[in-house]
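What follows is a short report on a single structure.
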Amino acid sequence: MVRVDIFKKQNKFYAIPIYTMDFALGILPNKIVVIGKDKNNNPKQWQEINESYEFCFSLYKNDLVLLQKKDMQEAEFAYYNGFNISNSSICVEKHDNKLENLTENQKLLFSNAKEGSVKVSGLGIQHLKIFEKYIVTPLGDKIKADFAPRQSISLKTSKKYGL
């Protein structure tokens with residue numbers, strides 16, 4: 001997975017994973033991850049987005065994000081480490097990986113942290129109160145990322161289908 005595009009609709013966050021194969025084909029996917037099973041116990045089909053979904057940002061490995069779960073007092077910074085399509089969740093890590101200096105608020109985010117592994121896997125994105133992307137400047141300042149339109153995809157050697 002090269003990146004994950006994050007969208008918002010009715011105060012819920014949704015994700016579209018972008019794979020290397022998508023780049024090779026030069027086709028930008030437009031289906032959000034849908035979890036759960038239908039009445040026949042089959043996995044639900046991913047849904048095509050429309051204009052009611054608002055593009056927020058694209059996430060790449062090690063991007064800085066500001067997150068707040070419903071039970072947290074304030075938002076916390078973490079580094080994005082991956083996306084899981086089976087439950088539409090992200091994996092994030094604490095910047096210094098130190099368990100001993102977790103605040104009570106950070107313990108709510110990194111609930112299953114242990115020494116040497118201060119991260120959370122399976123953090124569902126749909127019901128986050130705050131989910132924002134940040135940039136770290138060369139001097140270490142954290143600045144909220146400016147909005148950028150969704151980037152198209154293709155490799156320089158990709159054939160453009162339909163042309």
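Letters A, B, ... mark the chains of the structure tokens in the order given; residue numbers begin at 1 per chain; ligand numbers begin at 1, in order shown.
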
Taking only segment 66-155 of chain A into account, list the residues labelled helix (DSSP H, G or I) by DSSP (computed from the backbone), as a PyMOL selection string.
chain A and resi 104-109

Okay, now the selection with C-alpha atoms, as a tab-separated table (two decimals), in the first residue's frame?
chain	number	residue	atom	x	y	z
A	104	GLU	CA	-3.09	9.74	31.20
A	105	ASN	CA	-4.59	11.08	27.98
A	106	GLN	CA	-1.98	9.27	25.84
A	107	LYS	CA	-2.73	6.04	27.72
A	108	LEU	CA	-6.26	6.25	26.32
A	109	LEU	CA	-4.84	6.36	22.79

Long-range neighbours of segment 58-70 of chain A as an NGL selection string, 10 Å cut-off, only C-alpha atoms, 2 positions minimum in chain:
:A and (1-7 or 15-18 or 55-56 or 72-83 or 91-95 or 105-106 or 108-109 or 123-125 or 127-136 or 142-145 or 148-151)

Compare A:Ile90, A:Asp146, A:Leu139, A:Asn84 by their minimum atom-to-atom distance to Lys119 of chain A, counting only C-alpha atoms, and give me the closest one.
A:Ile90

Among listed residues A:Ser86, A:Tyr14, A:Ala24, A:Phe110, nearest Gln47 of chain A (using only C-alpha atoms)
A:Tyr14
